[in-house]
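Asks: Structure provided below as structure tokens; questions to follow.
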Amino acid sequence: MRKKRTLLKRIGALFFAPILFLTAGYSIMYIVGQPVIHFATSSLQLFLLSDVPEFDKKQQVFTEIEEKEVKKDENNELSSTQIAYPKGGEQYGKIIIDSLKIDVPLYYGDTDEILRQGAGQYMGSVYPGERGTTLIGGHNIDEFGLLIGSQVGDVVSVKTSYANYLYQVKKIIVRRYDDREISQLIDQKQKPTVMLYTCYPVDSLGMTDERLFVICDLIDGPMINPNK
């Protein structure tokens, strides 16, 4: 009987010991490699674009407005009451930078789904043509990655459903997304500005803490008068 129990113990040890060591080994490998696994997962998500958002098809139609159709007055101003402001997820314009060969649709909102379609305006920022900063982002793995080639003096064309605007690049900086200087630039209300941004480095595959910001001042286009 004792021999039988001893034999069973030996068989149990031979069977369970490898499983125990294998489990412990995988656990250690997972703990050590978790940062790499997390990075690979977040990087992969940027490429899984099959779940394209189903926006209202009527919202997808964008027709460039001709200069003669712009409802500006003798002071080169637009009445805010005459503008059909876009809704969330609606394409209401285009961003064109000829020097960088950038030509992307501009949507109102900057959710992940919207940024998979093109450039997205942060909904807490002003519209092009208003005093303040219009904050527009795009993925670095798409056309906005070309912003790395931006130079001071480049002209940025922002075509919208109510008017067309030209901006000129004044400053190019790299900062953390939560940098105080960036927050101050976004909050300013003195002059009409467009700030384009994307993840930095532009060749990175995962999410980064730094952003490339291209800051542009308005050089042509009608101002929106909020009092009309």
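Chains: A, B, ... in order of the structure tokens. Residues: from 1 per chain. Ligands: from 1, in order shown.
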Please return, as a PyMOL selection string, all residues of range 105-208 of chain A that DSSP assigns to strand (DSSP E or B) on the basis of the backbone.
Replies: chain A and resi 105-108+119-121+132-137+155-160+164-176+192-200
Asks: Could you list, as a list in words, every residue within 12 Å of Ala84 in chain A, counting only C-alpha atoms and ignoring same-chain residues fewer than 5 positions away?
Replies: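 The residues satisfying every condition are Lys71, Leu78, Ser79, Glu90, Tyr92, Tyr127, Thr160, Ser161, Tyr162 and Ala163 of chain A.
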Asks: Just N, CA and C atoms for this one: save the residues we selected as a PDB file, in the first residue's frame.
Replies:
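Dumped everything to out-v4.pdb:
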```pdb
ATOM      1  N   LYS A  71     -21.244  85.268 -48.407  1.00  0.00           N
ATOM      2  CA  LYS A  71     -22.177  86.316 -47.986  1.00  0.00           C
ATOM      3  C   LYS A  71     -21.493  87.350 -47.082  1.00  0.00           C
ATOM      4  N   LEU A  78     -18.646  88.401 -42.258  1.00  0.00           N
ATOM      5  CA  LEU A  78     -19.787  87.495 -42.393  1.00  0.00           C
ATOM      6  C   LEU A  78     -20.653  87.618 -41.153  1.00  0.00           C
ATOM      7  N   SER A  79     -21.964  87.636 -41.348  1.00  0.00           N
ATOM      8  CA  SER A  79     -22.872  87.634 -40.217  1.00  0.00           C
ATOM      9  C   SER A  79     -22.989  86.219 -39.664  1.00  0.00           C
ATOM     10  N   GLU A  90     -19.632  66.078 -39.049  1.00  0.00           N
ATOM     11  CA  GLU A  90     -19.931  66.564 -40.395  1.00  0.00           C
ATOM     12  C   GLU A  90     -18.685  67.134 -41.062  1.00  0.00           C
ATOM     13  N   TYR A  92     -17.137  69.791 -43.161  1.00  0.00           N
ATOM     14  CA  TYR A  92     -17.543  71.133 -43.549  1.00  0.00           C
ATOM     15  C   TYR A  92     -16.427  71.893 -44.243  1.00  0.00           C
ATOM     16  N   TYR A 127     -14.353  78.623 -34.826  1.00  0.00           N
ATOM     17  CA  TYR A 127     -14.404  78.283 -36.248  1.00  0.00           C
ATOM     18  C   TYR A 127     -13.417  79.140 -37.034  1.00  0.00           C
ATOM     19  N   THR A 160     -14.046  76.218 -46.322  1.00  0.00           N
ATOM     20  CA  THR A 160     -15.192  75.811 -45.514  1.00  0.00           C
ATOM     21  C   THR A 160     -16.475  75.969 -46.315  1.00  0.00           C
ATOM     22  N   SER A 161     -17.574  75.559 -45.709  1.00  0.00           N
ATOM     23  CA  SER A 161     -18.874  75.633 -46.379  1.00  0.00           C
ATOM     24  C   SER A 161     -19.405  77.058 -46.461  1.00  0.00           C
ATOM     25  N   TYR A 162     -18.777  77.998 -45.725  1.00  0.00           N
ATOM     26  CA  TYR A 162     -19.287  79.376 -45.716  1.00  0.00           C
ATOM     27  C   TYR A 162     -18.297  80.399 -46.260  1.00  0.00           C
ATOM     28  N   ALA A 163     -17.002  80.045 -46.332  1.00  0.00           N
ATOM     29  CA  ALA A 163     -15.991  80.959 -46.877  1.00  0.00           C
ATOM     30  C   ALA A 163     -14.662  80.217 -46.991  1.00  0.00           C
TER      31      ALA A 163
END
```
Asks: Using only C-alpha atoms, which protein or nucleic acid residues come within 6 Å of Gly138 in chain A? Drop anything in the same chain fewer than 4 positions from it, and give the result as a PyMOL selection string.
Replies: chain A and resi 115+119+144+198
Asks: May I have all residues of range 53-221 of chain A that DSSP, computed from the backbone, assigns to helix (DSSP H, G or I), given as a PDB file with C-alpha atoms, in the first residue's frame?
Replies:
```
ATOM      1  CA  LYS A  57     -24.671  60.447 -45.761  1.00  0.00           C
ATOM      2  CA  LYS A  58     -26.192  63.898 -46.124  1.00  0.00           C
ATOM      3  CA  GLN A  59     -23.475  65.210 -43.835  1.00  0.00           C
ATOM      4  CA  GLN A  60     -20.755  63.754 -46.045  1.00  0.00           C
ATOM      5  CA  GLU A  67     -16.056  83.541 -53.933  1.00  0.00           C
ATOM      6  CA  LYS A  68     -19.185  85.103 -55.447  1.00  0.00           C
ATOM      7  CA  GLU A  69     -21.347  82.977 -53.146  1.00  0.00           C
ATOM      8  CA  SER A  80     -22.850  84.751 -37.749  1.00  0.00           C
ATOM      9  CA  THR A  81     -26.625  84.399 -38.171  1.00  0.00           C
ATOM     10  CA  GLN A  82     -26.201  83.557 -41.854  1.00  0.00           C
ATOM     11  CA  ASP A  98       0.265  72.747 -51.672  1.00  0.00           C
ATOM     12  CA  SER A  99       3.908  72.897 -50.566  1.00  0.00           C
ATOM     13  CA  LEU A 100       3.456  69.639 -48.600  1.00  0.00           C
ATOM     14  CA  ASP A 112     -10.948  58.558 -33.205  1.00  0.00           C
ATOM     15  CA  GLU A 113     -13.641  57.739 -35.751  1.00  0.00           C
ATOM     16  CA  ILE A 114     -13.485  61.218 -37.284  1.00  0.00           C
ATOM     17  CA  LEU A 115      -9.685  61.268 -37.441  1.00  0.00           C
ATOM     18  CA  GLU A 143      -1.248  62.995 -44.484  1.00  0.00           C
ATOM     19  CA  PHE A 144      -0.728  65.069 -41.342  1.00  0.00           C
ATOM     20  CA  GLY A 145       2.572  63.253 -40.884  1.00  0.00           C
ATOM     21  CA  LEU A 146       3.802  65.451 -43.746  1.00  0.00           C
ATOM     22  CA  LEU A 147       3.596  68.437 -41.397  1.00  0.00           C
ATOM     23  CA  ILE A 148       7.153  67.545 -40.357  1.00  0.00           C
ATOM     24  CA  GLY A 149       8.206  69.314 -43.567  1.00  0.00           C
ATOM     25  CA  ARG A 180       0.894  75.197 -20.639  1.00  0.00           C
ATOM     26  CA  GLU A 181       2.061  77.238 -23.643  1.00  0.00           C
ATOM     27  CA  ILE A 182      -0.225  75.233 -25.928  1.00  0.00           C
ATOM     28  CA  SER A 183      -3.189  75.732 -23.598  1.00  0.00           C
ATOM     29  CA  GLN A 184      -2.586  79.476 -23.624  1.00  0.00           C
ATOM     30  CA  LEU A 185      -2.413  79.543 -27.429  1.00  0.00           C
ATOM     31  CA  ILE A 186      -5.680  77.635 -27.672  1.00  0.00           C
ATOM     32  CA  ASP A 187      -7.408  79.976 -25.224  1.00  0.00           C
TER      33      ASP A 187
END
```
Asks: For Ser204 in chain A, find every residue with an atom within 10 Å (counting only C-alpha atoms), except residues of its own chain fewer than 5 positions away, and show them as a count of residues only.
Replies: 5
Asks: Would you list the contacts of Ile96 in chain A as a VMD selection string, taking every protein, DNA or RNA residue within 7 Å and counting only C-alpha atoms, but skipping same-chain residues closer than 2 positions in sequence?
Replies: chain A and resid 94 98 102 to 104 156 to 158
Asks: For those residues, write all heavy atoms to a file as a PDB file, in the first residue's frame.
Replies:
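Produced file selection_39.pdb, reproduced below:
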```
ATOM      1  N   LYS A  94     -12.038  71.611 -46.101  1.00  0.00           N
ATOM      2  CA  LYS A  94     -10.833  70.906 -46.530  1.00  0.00           C
ATOM      3  C   LYS A  94      -9.614  71.684 -46.048  1.00  0.00           C
ATOM      4  O   LYS A  94      -9.654  72.913 -45.937  1.00  0.00           O
ATOM      5  CB  LYS A  94     -10.778  70.780 -48.059  1.00  0.00           C
ATOM      6  CG  LYS A  94     -11.874  69.923 -48.659  1.00  0.00           C
ATOM      7  CD  LYS A  94     -11.809  69.954 -50.190  1.00  0.00           C
ATOM      8  CE  LYS A  94     -10.569  69.276 -50.720  1.00  0.00           C
ATOM      9  NZ  LYS A  94     -10.550  69.239 -52.211  1.00  0.00           N
ATOM     10  N   ASP A  98      -0.339  73.151 -50.402  1.00  0.00           N
ATOM     11  CA  ASP A  98       0.265  72.747 -51.672  1.00  0.00           C
ATOM     12  C   ASP A  98       1.739  72.396 -51.534  1.00  0.00           C
ATOM     13  O   ASP A  98       2.226  71.455 -52.178  1.00  0.00           O
ATOM     14  CB  ASP A  98       0.096  73.869 -52.704  1.00  0.00           C
ATOM     15  CG  ASP A  98      -1.356  74.028 -53.167  1.00  0.00           C
ATOM     16  OD1 ASP A  98      -2.091  73.017 -53.136  1.00  0.00           O
ATOM     17  OD2 ASP A  98      -1.746  75.140 -53.549  1.00  0.00           O
ATOM     18  N   ILE A 102      -0.586  68.252 -49.139  1.00  0.00           N
ATOM     19  CA  ILE A 102      -1.633  67.839 -48.203  1.00  0.00           C
ATOM     20  C   ILE A 102      -2.976  68.333 -48.714  1.00  0.00           C
ATOM     21  O   ILE A 102      -3.123  69.501 -49.059  1.00  0.00           O
ATOM     22  CB  ILE A 102      -1.381  68.410 -46.790  1.00  0.00           C
ATOM     23  CG1 ILE A 102      -0.154  67.733 -46.157  1.00  0.00           C
ATOM     24  CG2 ILE A 102      -2.596  68.219 -45.893  1.00  0.00           C
ATOM     25  CD1 ILE A 102       0.206  68.276 -44.784  1.00  0.00           C
ATOM     26  N   ASP A 103      -3.927  67.446 -48.788  1.00  0.00           N
ATOM     27  CA  ASP A 103      -5.298  67.783 -49.214  1.00  0.00           C
ATOM     28  C   ASP A 103      -6.226  66.807 -48.501  1.00  0.00           C
ATOM     29  O   ASP A 103      -6.454  65.695 -48.970  1.00  0.00           O
ATOM     30  CB  ASP A 103      -5.432  67.670 -50.734  1.00  0.00           C
ATOM     31  CG  ASP A 103      -6.783  68.172 -51.248  1.00  0.00           C
ATOM     32  OD1 ASP A 103      -7.735  68.268 -50.448  1.00  0.00           O
ATOM     33  OD2 ASP A 103      -6.887  68.479 -52.451  1.00  0.00           O
ATOM     34  N   VAL A 104      -6.761  67.230 -47.343  1.00  0.00           N
ATOM     35  CA  VAL A 104      -7.557  66.327 -46.521  1.00  0.00           C
ATOM     36  C   VAL A 104      -8.907  66.955 -46.177  1.00  0.00           C
ATOM     37  O   VAL A 104      -9.015  68.179 -46.049  1.00  0.00           O
ATOM     38  CB  VAL A 104      -6.831  65.949 -45.212  1.00  0.00           C
ATOM     39  CG1 VAL A 104      -5.559  65.194 -45.501  1.00  0.00           C
ATOM     40  CG2 VAL A 104      -6.530  67.191 -44.381  1.00  0.00           C
ATOM     41  N   VAL A 156      -1.367  77.903 -45.827  1.00  0.00           N
ATOM     42  CA  VAL A 156      -2.354  76.861 -45.536  1.00  0.00           C
ATOM     43  C   VAL A 156      -3.726  77.356 -45.965  1.00  0.00           C
ATOM     44  O   VAL A 156      -4.176  78.408 -45.511  1.00  0.00           O
ATOM     45  CB  VAL A 156      -2.372  76.512 -44.031  1.00  0.00           C
ATOM     46  CG1 VAL A 156      -3.445  75.466 -43.741  1.00  0.00           C
ATOM     47  CG2 VAL A 156      -1.003  76.028 -43.576  1.00  0.00           C
ATOM     48  N   SER A 157      -4.366  76.605 -46.843  1.00  0.00           N
ATOM     49  CA  SER A 157      -5.703  76.964 -47.314  1.00  0.00           C
ATOM     50  C   SER A 157      -6.745  76.161 -46.541  1.00  0.00           C
ATOM     51  O   SER A 157      -6.649  74.933 -46.460  1.00  0.00           O
ATOM     52  CB  SER A 157      -5.832  76.678 -48.814  1.00  0.00           C
ATOM     53  OG  SER A 157      -7.157  76.895 -49.258  1.00  0.00           O
ATOM     54  N   VAL A 158      -7.697  76.872 -45.947  1.00  0.00           N
ATOM     55  CA  VAL A 158      -8.802  76.230 -45.230  1.00  0.00           C
ATOM     56  C   VAL A 158     -10.094  76.604 -45.945  1.00  0.00           C
ATOM     57  O   VAL A 158     -10.557  77.740 -45.862  1.00  0.00           O
ATOM     58  CB  VAL A 158      -8.858  76.669 -43.756  1.00  0.00           C
ATOM     59  CG1 VAL A 158     -10.016  75.970 -43.049  1.00  0.00           C
ATOM     60  CG2 VAL A 158      -7.543  76.369 -43.054  1.00  0.00           C
TER      61      VAL A 158
END
```
Asks: So what do you get for CA of Thr193 in chain A versus CA of Thr133 in chain A, distance-wise?
Replies: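 So the two atoms, CA of Thr193 in chain A and CA of Thr133 in chain A, lie 4.7 Å apart.
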Asks: Would you compute the distance between CA of Pro105 in chain A and CA of Asp178 in chain A? Give it in Å to one decimal.
Replies: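 Computing it gives 26.0 Å between the two atoms.
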Asks: Given the choices A:Tyr122, A:Phe213, A:Tyr108, A:Tyr85, which gets closest to Tyr197 in chain A if the distance is worked out from only C-alpha atoms?
Replies: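 Result for the nearest residue to Tyr197 in chain A: A:Phe213.
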Asks: Pick out the closest residue to Ile97 in chain A from this set: A:Gln151, A:Thr111, A:Asn225, A:Asn75. Count only C-alpha atoms.
Replies: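 Counting only C-alpha atoms, the residue closest to Ile97 in chain A is A:Gln151.
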